[in-house]
>>> print(open('structure28.cif').read())   # mmCIF, C-alpha atoms and all ligand atoms
data_target
#
loop_
_atom_site.label_atom_id
_atom_site.label_comp_id
_atom_site.auth_asym_id
_atom_site.auth_seq_id
_atom_site.Cartn_x
_atom_site.Cartn_y
_atom_site.Cartn_z
CA MET D 1 74.81 70.57 108.69
CA ASN D 2 75.80 74.16 109.60
CA SER D 3 72.94 76.59 110.20
CA VAL D 4 72.60 79.37 107.62
CA PRO D 5 72.94 82.83 109.17
CA ASN D 6 70.51 85.61 108.27
CA PHE D 7 71.77 87.72 105.39
CA GLN D 8 70.90 90.26 102.72
CA PHE D 9 72.22 89.94 99.19
CA ASP D 10 72.78 92.65 96.58
CA SER D 11 75.37 92.44 93.89
CA GLN D 12 77.03 94.82 91.53
CA LEU D 13 79.30 93.06 89.08
CA PRO D 14 80.67 94.17 85.70
CA ARG D 15 80.43 92.08 82.53
CA VAL D 16 83.54 89.85 82.28
CA VAL D 17 85.33 88.48 79.24
CA PHE D 18 87.98 86.04 80.44
CA GLY D 19 90.71 84.06 78.71
CA ALA D 20 94.14 84.06 77.10
CA GLY D 21 93.95 86.20 73.97
CA SER D 22 90.64 87.82 74.94
CA LEU D 23 92.06 91.28 74.24
CA ARG D 24 91.11 90.59 70.62
CA HIS D 25 87.45 91.11 71.61
CA LEU D 26 88.05 94.78 72.45
CA GLU D 27 86.27 96.20 69.40
CA ARG D 28 83.20 94.05 70.04
CA GLU D 29 83.17 95.17 73.67
CA ILE D 30 83.47 98.87 72.77
CA ASP D 31 80.51 98.38 70.43
CA ARG D 32 78.51 96.77 73.22
CA LEU D 33 79.04 99.93 75.28
CA GLY D 34 77.55 101.94 72.41
CA ALA D 35 80.84 103.87 72.20
CA ILE D 36 82.96 104.84 69.20
CA ARG D 37 85.95 106.79 70.61
CA ALA D 38 88.03 105.32 73.43
CA LEU D 39 90.69 107.13 75.45
CA VAL D 40 93.30 104.53 76.46
CA LEU D 41 94.80 104.98 79.95
CA CYS D 42 98.08 103.51 81.21
CA THR D 43 101.15 104.24 83.34
CA PRO D 44 104.28 105.54 81.58
CA GLU D 45 105.83 102.05 82.06
CA GLN D 46 102.92 100.33 80.32
CA ARG D 47 102.77 102.57 77.25
CA ALA D 48 103.57 99.53 75.06
CA ASN D 49 100.40 97.77 76.33
CA ALA D 50 98.34 100.84 75.45
CA GLU D 51 99.86 100.90 71.95
CA VAL D 52 98.86 97.26 71.44
CA VAL D 53 95.30 98.29 72.37
CA GLN D 54 95.53 101.21 69.96
CA THR D 55 96.53 98.85 67.15
CA ILE D 56 93.70 96.45 67.94
CA ILE D 57 90.95 99.09 68.04
CA GLY D 58 92.29 101.26 65.18
CA ALA D 59 89.92 104.13 64.38
CA ARG D 60 88.04 103.64 67.66
CA CYS D 61 91.11 104.96 69.54
CA ALA D 62 90.71 108.66 70.42
CA GLY D 63 94.20 108.78 72.00
CA ILE D 64 96.46 107.51 74.78
CA PHE D 65 96.92 109.15 78.20
CA ASP D 66 100.01 107.54 79.74
CA GLN D 67 100.37 109.42 83.02
CA ALA D 68 98.59 107.13 85.52
CA VAL D 69 100.44 106.96 88.85
CA MET D 70 99.83 105.47 92.31
CA HIS D 71 97.05 107.02 94.46
CA VAL D 72 95.42 109.10 91.65
CA PRO D 73 96.63 112.68 92.31
CA ILE D 74 93.79 115.15 91.61
CA GLU D 75 96.00 116.99 89.08
CA THR D 76 96.42 113.81 87.01
CA ALA D 77 92.70 113.08 87.22
CA ARG D 78 91.88 116.62 86.01
CA ALA D 79 94.39 116.40 83.15
CA ALA D 80 92.92 113.06 82.04
CA ARG D 81 89.35 114.42 82.22
CA ASP D 82 90.35 117.47 80.14
CA ILE D 83 91.97 115.30 77.49
CA ALA D 84 88.96 112.98 77.38
CA ARG D 85 86.74 116.02 76.78
CA GLU D 86 89.07 117.58 74.15
CA LEU D 87 89.33 114.31 72.24
CA GLN D 88 85.56 113.77 72.54
CA ALA D 89 86.12 110.33 73.99
CA ASP D 90 82.92 108.47 74.83
CA CYS D 91 84.58 105.67 76.85
CA ALA D 92 87.92 104.99 78.55
CA ILE D 93 89.97 101.80 78.45
CA ALA D 94 92.15 101.37 81.56
CA VAL D 95 95.02 98.98 80.79
CA GLY D 96 97.05 98.26 83.91
CA GLY D 97 96.90 97.70 87.65
CA GLY D 98 94.92 99.39 90.40
CA SER D 99 96.56 102.77 89.75
CA THR D 100 95.39 102.90 86.14
CA THR D 101 91.93 101.56 86.95
CA GLY D 102 91.79 104.19 89.70
CA LEU D 103 92.46 106.94 87.14
CA GLY D 104 89.61 105.60 84.99
CA LYS D 105 87.33 105.72 88.03
CA ALA D 106 88.30 109.33 88.75
CA ILE D 107 87.30 110.25 85.18
CA ALA D 108 84.02 108.34 85.45
CA LEU D 109 83.15 110.00 88.75
CA GLU D 110 82.87 113.42 87.11
CA SER D 111 81.96 112.59 83.53
CA ALA D 112 80.03 109.29 83.82
CA LEU D 113 82.23 108.03 80.93
CA PRO D 114 81.89 104.23 80.80
CA ILE D 115 85.07 102.38 81.75
CA LEU D 116 86.34 99.22 80.14
CA ALA D 117 89.05 97.77 82.38
CA VAL D 118 91.88 95.50 81.25
CA PRO D 119 93.62 94.51 84.51
CA THR D 120 97.28 93.48 84.42
CA THR D 121 97.75 92.88 88.18
CA TYR D 122 95.66 91.03 90.77
CA ALA D 123 94.63 94.12 92.82
CA GLY D 124 90.93 93.74 91.96
CA SER D 125 89.95 97.43 91.70
CA GLU D 126 88.11 96.70 88.42
CA MET D 127 85.42 94.81 90.39
CA THR D 128 84.67 97.54 92.92
CA PRO D 129 82.70 100.81 93.03
CA ILE D 130 85.41 102.16 95.39
CA TYR D 131 87.48 105.14 94.22
CA GLY D 132 90.34 107.11 95.74
CA ILE D 133 91.69 110.56 94.80
CA THR D 134 94.66 112.29 96.46
CA GLU D 135 94.52 116.04 97.07
CA ASN D 136 97.07 117.99 99.13
CA GLY D 137 98.66 114.72 100.23
CA ILE D 138 95.40 113.27 101.58
CA LYS D 139 93.71 110.35 99.82
CA LYS D 140 89.92 110.54 99.93
CA THR D 141 88.04 107.35 99.19
CA GLY D 142 84.39 106.75 98.52
CA ARG D 143 81.89 104.41 96.90
CA ASP D 144 79.91 105.38 93.82
CA SER D 145 78.30 103.01 91.34
CA ARG D 146 79.29 105.35 88.45
CA VAL D 147 82.94 104.36 88.83
CA LEU D 148 82.38 100.61 88.55
CA PRO D 149 83.72 99.51 85.14
CA GLN D 150 81.00 98.35 82.74
CA THR D 151 83.16 95.62 81.22
CA VAL D 152 86.35 93.86 82.28
CA ILE D 153 88.59 91.94 79.90
CA TYR D 154 90.82 89.53 81.82
CA ASP D 155 93.58 88.40 79.48
CA PRO D 156 96.25 86.42 81.38
CA GLU D 157 98.74 86.99 78.54
CA LEU D 158 99.03 90.60 79.73
CA THR D 159 100.17 89.41 83.17
CA LEU D 160 103.15 87.43 81.84
CA THR D 161 105.32 90.55 82.23
CA LEU D 162 104.27 91.20 85.83
CA PRO D 163 107.51 90.73 87.81
CA THR D 164 107.46 87.65 90.08
CA ARG D 165 107.73 89.62 93.32
CA LEU D 166 104.81 91.89 92.32
CA SER D 167 102.84 88.85 91.13
CA VAL D 168 103.17 87.30 94.59
CA THR D 169 102.38 90.43 96.61
CA SER D 170 99.57 91.47 94.27
CA GLY D 171 98.10 87.97 94.55
CA ILE D 172 98.24 88.14 98.35
CA ASN D 173 96.63 91.61 98.15
CA ALA D 174 93.73 89.84 96.38
CA ILE D 175 93.63 87.09 99.02
CA ALA D 176 93.31 89.82 101.67
CA HIS D 177 90.07 91.09 100.04
CA ALA D 178 88.54 87.63 100.19
CA ALA D 179 89.80 86.83 103.69
CA GLU D 180 88.22 89.98 105.11
CA GLY D 181 85.08 89.31 103.07
CA LEU D 182 84.65 86.03 104.91
CA TYR D 183 84.29 87.78 108.26
CA ALA D 184 82.74 91.04 107.03
CA GLN D 185 79.59 92.35 108.65
CA GLU D 186 77.82 92.14 105.26
CA SER D 187 79.14 88.67 104.42
CA ASN D 188 76.66 86.42 102.63
CA PRO D 189 76.76 82.84 101.34
CA ILE D 190 77.48 83.70 97.69
CA MET D 191 80.34 86.08 98.41
CA SER D 192 81.78 83.56 100.90
CA LEU D 193 81.81 80.90 98.16
CA LEU D 194 83.60 83.32 95.83
CA ALA D 195 86.04 84.25 98.60
CA GLU D 196 87.03 80.69 99.42
CA GLU D 197 87.39 79.73 95.77
CA GLY D 198 89.38 82.92 95.05
CA ILE D 199 91.84 82.20 97.88
CA ARG D 200 92.20 78.60 96.73
CA ALA D 201 92.88 79.64 93.11
CA LEU D 202 95.58 82.11 94.14
CA ALA D 203 97.20 79.85 96.74
CA GLN D 204 97.56 77.17 94.06
CA SER D 205 98.66 79.48 91.22
CA LEU D 206 101.21 81.70 92.95
CA PRO D 207 103.76 78.93 93.68
CA ALA D 208 103.49 77.81 90.05
CA ILE D 209 104.12 81.41 88.87
CA VAL D 210 107.20 81.66 91.10
CA ALA D 211 108.44 78.37 89.61
CA ASP D 212 107.75 79.56 86.05
CA PRO D 213 106.50 83.12 85.45
CA ALA D 214 105.61 82.16 81.85
CA ASP D 215 103.22 79.38 82.95
CA ILE D 216 100.04 80.62 81.25
CA ALA D 217 97.81 78.11 83.09
CA ALA D 218 99.07 79.44 86.43
CA ARG D 219 98.66 83.01 85.19
CA SER D 220 95.05 82.20 84.24
CA GLY D 221 94.41 80.65 87.65
CA ALA D 222 95.77 83.69 89.47
CA LEU D 223 93.73 86.13 87.36
CA TYR D 224 90.61 84.01 87.93
CA GLY D 225 91.30 84.17 91.69
CA ALA D 226 91.86 87.92 91.46
CA TRP D 227 88.47 88.34 89.77
CA LEU D 228 86.67 86.43 92.53
CA CYS D 229 88.52 88.22 95.33
CA GLY D 230 87.90 91.63 93.72
CA ALA D 231 84.20 90.80 93.45
CA VAL D 232 84.14 90.08 97.18
CA LEU D 233 85.84 93.41 97.96
CA GLY D 234 83.30 95.23 95.79
CA ASN D 235 80.29 93.61 97.40
CA VAL D 236 81.06 93.24 101.12
CA GLY D 237 82.93 95.41 103.61
CA MET D 238 86.51 95.79 104.79
CA SER D 239 87.79 95.43 108.36
CA LEU D 240 90.96 95.76 110.42
CA HIS D 241 93.37 94.50 107.76
CA HIS D 242 92.33 97.10 105.18
CA LYS D 243 92.26 99.86 107.81
CA LEU D 244 95.86 99.03 108.80
CA CYS D 245 96.98 98.97 105.16
CA HIS D 246 95.21 102.24 104.36
CA THR D 247 96.96 103.81 107.36
CA LEU D 248 100.39 102.44 106.41
CA GLY D 249 99.95 103.38 102.74
CA GLY D 250 98.28 106.74 103.31
CA SER D 251 100.35 108.10 106.21
CA TYR D 252 103.71 106.41 105.56
CA ASN D 253 103.60 105.91 101.79
CA LEU D 254 104.45 102.20 102.01
CA PRO D 255 104.03 100.17 98.79
CA HIS D 256 100.46 98.88 98.42
CA ALA D 257 100.73 95.17 97.62
CA GLU D 258 103.75 94.51 99.86
CA THR D 259 102.04 96.18 102.82
CA HIS D 260 99.00 93.94 102.35
CA THR D 261 101.26 90.90 102.17
CA ILE D 262 103.03 91.69 105.44
CA VAL D 263 99.97 92.75 107.45
CA LEU D 264 97.49 90.01 106.46
CA PRO D 265 98.76 87.14 108.70
CA HIS D 266 98.74 89.48 111.71
CA ALA D 267 95.25 90.84 111.03
CA LEU D 268 94.00 87.25 110.70
CA ALA D 269 95.65 86.28 114.00
CA TYR D 270 94.07 89.31 115.69
CA ASN D 271 90.61 88.25 114.49
CA ALA D 272 91.04 84.46 114.72
CA ALA D 273 89.11 83.82 117.93
CA ALA D 274 86.29 86.18 116.93
CA ALA D 275 85.75 84.69 113.45
CA PRO D 276 86.33 80.91 113.70
CA ASP D 277 84.20 79.94 110.68
CA ALA D 278 86.01 82.43 108.41
CA MET D 279 89.38 81.13 109.67
CA ARG D 280 88.36 77.54 108.97
CA ARG D 281 87.43 78.45 105.40
CA ILE D 282 90.62 80.47 104.79
CA ALA D 283 92.74 77.62 106.18
CA ARG D 284 90.85 75.08 104.03
CA ALA D 285 91.44 77.22 100.91
CA LEU D 286 95.14 77.50 101.75
CA GLY D 287 95.39 73.77 102.46
CA THR D 288 96.63 74.35 106.00
CA ASP D 289 95.39 74.05 109.60
CA ASP D 290 95.82 77.64 110.70
CA ALA D 291 94.77 80.61 108.55
CA ALA D 292 97.17 83.20 109.98
CA LEU D 293 100.22 80.93 110.12
CA GLY D 294 99.33 79.46 106.73
CA MET D 295 99.33 82.95 105.16
CA TYR D 296 102.63 83.84 106.82
CA GLU D 297 104.26 80.63 105.62
CA LEU D 298 102.91 81.05 102.09
CA ALA D 299 104.39 84.56 101.84
CA HIS D 300 107.69 83.34 103.25
CA ARG D 301 107.83 80.36 100.89
CA LEU D 302 107.13 82.57 97.87
CA GLY D 303 109.96 84.96 98.77
CA ALA D 304 107.68 87.89 99.63
CA PRO D 305 108.65 90.44 102.29
CA VAL D 306 107.32 89.63 105.79
CA ALA D 307 108.61 92.63 107.79
CA LEU D 308 107.47 96.27 107.59
CA LYS D 309 111.03 97.34 108.47
CA ASP D 310 112.16 95.93 105.12
CA ILE D 311 109.75 98.08 103.05
CA GLY D 312 110.47 101.50 104.55
CA MET D 313 108.53 101.66 107.84
CA ARG D 314 110.34 103.36 110.73
CA GLU D 315 110.15 101.96 114.26
CA GLN D 316 109.55 105.38 115.84
CA GLU D 317 106.31 105.72 113.81
CA LEU D 318 104.67 102.58 115.24
CA ASP D 319 102.99 104.36 118.20
CA ARG D 320 101.41 107.02 115.99
CA CYS D 321 100.44 104.42 113.42
CA ALA D 322 98.63 102.42 116.14
CA ASP D 323 96.80 105.60 117.19
CA ILE D 324 95.68 106.43 113.65
CA ALA D 325 94.63 102.85 112.88
CA SER D 326 92.57 102.69 116.08
CA GLN D 327 90.64 105.90 115.30
CA ASN D 328 87.57 105.81 113.03
CA ALA D 329 88.08 102.07 112.84
CA TYR D 330 86.16 100.03 110.25
CA TRP D 331 83.75 97.44 111.65
CA ASN D 332 85.75 94.42 112.86
CA PRO D 333 84.72 91.07 114.36
CA ARG D 334 86.98 91.72 117.39
CA PRO D 335 86.85 95.15 119.03
CA ILE D 336 89.81 97.38 118.18
CA GLU D 337 92.09 97.57 121.24
CA ARG D 338 94.84 100.14 120.76
CA ASP D 339 97.50 98.28 122.77
CA ALA D 340 96.82 95.01 120.96
CA ILE D 341 97.09 96.88 117.62
CA ARG D 342 100.44 98.29 118.76
CA THR D 343 101.63 94.74 119.51
CA LEU D 344 100.35 93.54 116.14
CA LEU D 345 102.29 96.34 114.40
CA ASP D 346 105.43 95.42 116.32
CA ASP D 347 105.16 91.81 115.14
CA ALA D 348 104.57 92.96 111.55
CA TYR D 349 107.45 95.44 111.80
CA ARG D 350 109.91 92.77 112.89
CA GLY D 351 108.56 90.04 110.63
CA ARG D 352 107.66 87.67 113.48
CA ALA D 353 105.25 84.82 112.89
CA PRO D 354 101.69 85.91 113.75
CA ALA D 355 100.73 85.60 117.41
CA GLY D 356 98.20 83.02 118.51
P1 LIG D 401 99.90 99.56 90.24
O1 LIG D 401 98.71 99.69 89.37
O2 LIG D 401 100.37 100.79 90.96
O3 LIG D 401 101.09 98.96 89.37
C1 LIG D 401 102.40 98.86 89.93
C2 LIG D 401 103.44 98.95 88.80
O4 LIG D 401 103.40 97.74 88.05
C3 LIG D 401 103.18 100.07 87.80
O5 LIG D 401 104.40 100.62 87.43
C4 LIG D 401 102.55 99.35 86.63
O6 LIG D 401 102.73 100.01 85.41
C5 LIG D 401 103.27 98.02 86.67
N1 LIG D 401 102.53 96.92 86.07
C6 LIG D 401 101.22 96.61 86.22
N2 LIG D 401 100.90 95.52 85.54
C7 LIG D 401 102.05 95.10 84.92
C8 LIG D 401 102.36 94.01 84.07
N3 LIG D 401 101.45 93.08 83.75
N4 LIG D 401 103.61 93.91 83.61
C9 LIG D 401 104.57 94.80 83.98
N5 LIG D 401 104.33 95.85 84.80
C10 LIG D 401 103.08 96.00 85.26
O7 LIG D 401 99.72 98.42 91.35
P2 LIG D 401 98.44 97.68 91.93
O8 LIG D 401 98.92 96.97 93.13
O9 LIG D 401 97.72 96.94 90.87
O10 LIG D 401 97.47 98.87 92.36
C11 LIG D 401 97.68 99.61 93.55
C12 LIG D 401 96.72 100.79 93.62
O11 LIG D 401 95.39 100.34 93.38
C13 LIG D 401 96.71 101.45 95.00
O12 LIG D 401 96.66 102.84 94.84
C14 LIG D 401 95.44 100.92 95.64
O13 LIG D 401 94.92 101.82 96.60
C15 LIG D 401 94.53 100.77 94.45
N6 LIG D 401 93.49 99.74 94.64
C16 LIG D 401 92.19 100.16 94.64
C17 LIG D 401 91.17 99.25 94.82
C18 LIG D 401 89.74 99.71 94.77
O14 LIG D 401 88.84 98.92 94.90
N7 LIG D 401 89.51 100.99 94.61
C19 LIG D 401 91.46 97.89 94.99
C20 LIG D 401 92.80 97.48 94.97
C21 LIG D 401 93.81 98.43 94.79
#
>>> encode(input="structure28.cif", output="structure tokens")
Amino acid sequence: MNSVPNFQFDSQLPRVVFGAGSLRHLEREIDRLGAIRALVLCTPEQRANAEVVQTIIGARCAGIFDQAVMHVPIETARAARDIARELQADCAIAVGGGSTTGLGKAIALESALPILAVPTTYAGSEMTPIYGITENGIKKTGRDSRVLPQTVIYDPELTLTLPTRLSVTSGINAIAHAAEGLYAQESNPIMSLLAEEGIRALAQSLPAIVADPADIAARSGALYGAWLCGAVLGNVGMSLHHKLCHTLGGSYNLPHAETHTIVLPHALAYNAAAAPDAMRRIARALGTDDAALGMYELAHRLGAPVALKDIGMREQELDRCADIASQNAYWNPRPIERDAIRTLLDDAYRGRAPAG
């Protein structure tokens, strides 16, 4: 019997309505919020999804704002807030991935408008009180309970159109939240259970999605895993992996989910000796012996990118990237050693198997 470590437990989790076809419960869920006029948010590419929502909620739709983009530029956030005010919206429905949810959070931060999230990727932002807004090219992030969505509708039918490559990388982005949650400073037994189950659900569903993107059971399994992994991200801390990805995304504009996919095996290898119990649980969830190698092989098998050089990183930036990632580091089970981080980045750049 393993001994139970000391821990503290708080949780902040939105109401969840899960299941294929659950979008039909939107009107009921708007009523539960005590709202009557919803502003629907989406990216330009997902306008059709927003129009489906508009049809479902009829007179409860105040309008559609279809300008959500990656990293929530402050100008977009201001424009969306102004429109919400003009249209006298009393809630916002964010239909899309982390970028659209992020726009909803930026509105809620200033206006306290309740957010109803309808996620269509596996990024998990809908489960966290973490927001990010980009001003003058710099993304500021913070935590505020006002931005946590009140309700989340997980309808796997909306993920059927998520391209296979983005399904895989977004799913591994979710796995990264859970993996770091298992060795986080604030880890606790409940979040660790969610993390292991979330990784297992995604590791089993993603190969089935690659085999058949229309497999609704696999889509349900992946969205279920994304929920659990997002809950872990929202309730315990982030470490080296997320710091590296924030550096690569923020300073070099690399694509979010692909960056997570490439970096995760290397961050796990870096931390392996310092977090043996977490590694054992990650490996068990993946059905493998070695967490870092298991993640690398899963990404490879699913056709995901494994080298930073293939997604736009430049070799001459690796030194500076190692410097930035080593400064103001997040808590990590193994101390951050700049030279070891530089070696890690070199492995990730070239797409080598993780060291260790
Ligand atoms: P995204 O929201 O940027 O979406 C990527 C593209 O896929 C967009 O064009 C979108 O319209 C499209 N798309 C989304 N779902 C689709 C579907 N079902 N079918 C077809 N196309 C679809 O990507 P993402 O990876 O979900 O989110 C990334 C952003 O979220 C980053 O800015 C990241 O920082 C943020 N994020 C924040 C948190 C948090 O807790 N605050 C957590 C995870 C991610």
>>> closest_residue(input="structure28.cif", among="D:Asp82, D:Glu258, D:Asp277, D:Glu51", to="Thr169 in chain D", atoms="all atoms listed in the file")
D:Glu258
>>> atom_distance(input="structure28.cif", atom1="atom C8 of ligand LIG 401 (chain D)", atom2="CA of Ala291 in chain D")
28.9 Å
>>> closest_residue(input="structure28.cif", among="D:Thr141, D:Ser220, D:Thr343, D:Asn173", to="His260 in chain D", atoms="only C-alpha atoms")
D:Asn173
>>> residues_near_ligand(input="structure28.cif", ligand="ligand LIG 401 (chain D)", cutoff="8 Å", atoms="all atoms listed in the file", output="PyMOL selection string")
chain D and resi 42-46+69-72+96-102+119-132+141+158-163+166+170+173-174+230+233-234+246+256-257
>>> residues_around(input="structure28.cif", residues="Ala348 in chain D", least_positions_apart="5", cutoff="8 Å", atoms="only C-alpha atoms", output="number ranges by chain")
D: 262-263, 266, 306-308, 354
>>> build_atoms(input="structure28.cif", residues="range 295-311 of chain D", atoms="N, CA and C atoms", output="JSON list (two decimals), keeping the file's coordinate frame")
[["chain", "number", "residue", "atom", "x", "y", "z"],
["D", 295, "MET", "N", 99.06, 81.78, 106.03],
["D", 295, "MET", "CA", 99.33, 82.95, 105.16],
["D", 295, "MET", "C", 100.78, 83.39, 105.30],
["D", 296, "TYR", "N", 101.25, 83.41, 106.55],
["D", 296, "TYR", "CA", 102.63, 83.84, 106.82],
["D", 296, "TYR", "C", 103.61, 82.90, 106.11],
["D", 297, "GLU", "N", 103.34, 81.61, 106.22],
["D", 297, "GLU", "CA", 104.26, 80.63, 105.62],
["D", 297, "GLU", "C", 104.21, 80.69, 104.10],
["D", 298, "LEU", "N", 103.02, 80.94, 103.56],
["D", 298, "LEU", "CA", 102.91, 81.05, 102.09],
["D", 298, "LEU", "C", 103.75, 82.22, 101.59],
["D", 299, "ALA", "N", 103.62, 83.37, 102.26],
["D", 299, "ALA", "CA", 104.39, 84.56, 101.84],
["D", 299, "ALA", "C", 105.89, 84.28, 101.93],
["D", 300, "HIS", "N", 106.29, 83.67, 103.02],
["D", 300, "HIS", "CA", 107.69, 83.34, 103.25],
["D", 300, "HIS", "C", 108.21, 82.41, 102.15],
["D", 301, "ARG", "N", 107.43, 81.36, 101.88],
["D", 301, "ARG", "CA", 107.83, 80.36, 100.89],
["D", 301, "ARG", "C", 107.96, 80.97, 99.49],
["D", 302, "LEU", "N", 107.13, 81.98, 99.21],
["D", 302, "LEU", "CA", 107.13, 82.57, 97.87],
["D", 302, "LEU", "C", 108.14, 83.72, 97.76],
["D", 303, "GLY", "N", 108.90, 83.94, 98.84],
["D", 303, "GLY", "CA", 109.96, 84.96, 98.77],
["D", 303, "GLY", "C", 109.45, 86.38, 98.92],
["D", 304, "ALA", "N", 108.24, 86.54, 99.46],
["D", 304, "ALA", "CA", 107.68, 87.89, 99.63],
["D", 304, "ALA", "C", 108.22, 88.50, 100.93],
["D", 305, "PRO", "N", 108.21, 89.83, 101.03],
["D", 305, "PRO", "CA", 108.65, 90.44, 102.29],
["D", 305, "PRO", "C", 107.68, 90.10, 103.41],
["D", 306, "VAL", "N", 108.18, 89.93, 104.63],
["D", 306, "VAL", "CA", 107.32, 89.63, 105.79],
["D", 306, "VAL", "C", 107.51, 90.64, 106.92],
["D", 307, "ALA", "N", 108.34, 91.66, 106.71],
["D", 307, "ALA", "CA", 108.61, 92.63, 107.79],
["D", 307, "ALA", "C", 108.43, 94.06, 107.27],
["D", 308, "LEU", "N", 107.68, 94.87, 108.01],
["D", 308, "LEU", "CA", 107.47, 96.27, 107.59],
["D", 308, "LEU", "C", 108.79, 97.03, 107.58],
["D", 309, "LYS", "N", 109.74, 96.62, 108.43],
["D", 309, "LYS", "CA", 111.03, 97.34, 108.47],
["D", 309, "LYS", "C", 111.77, 97.19, 107.14],
["D", 310, "ASP", "N", 111.46, 96.16, 106.39],
["D", 310, "ASP", "CA", 112.16, 95.93, 105.12],
["D", 310, "ASP", "C", 111.52, 96.69, 103.95],
["D", 311, "ILE", "N", 110.37, 97.34, 104.17],
["D", 311, "ILE", "CA", 109.75, 98.08, 103.05],
["D", 311, "ILE", "C", 109.60, 99.57, 103.38]]
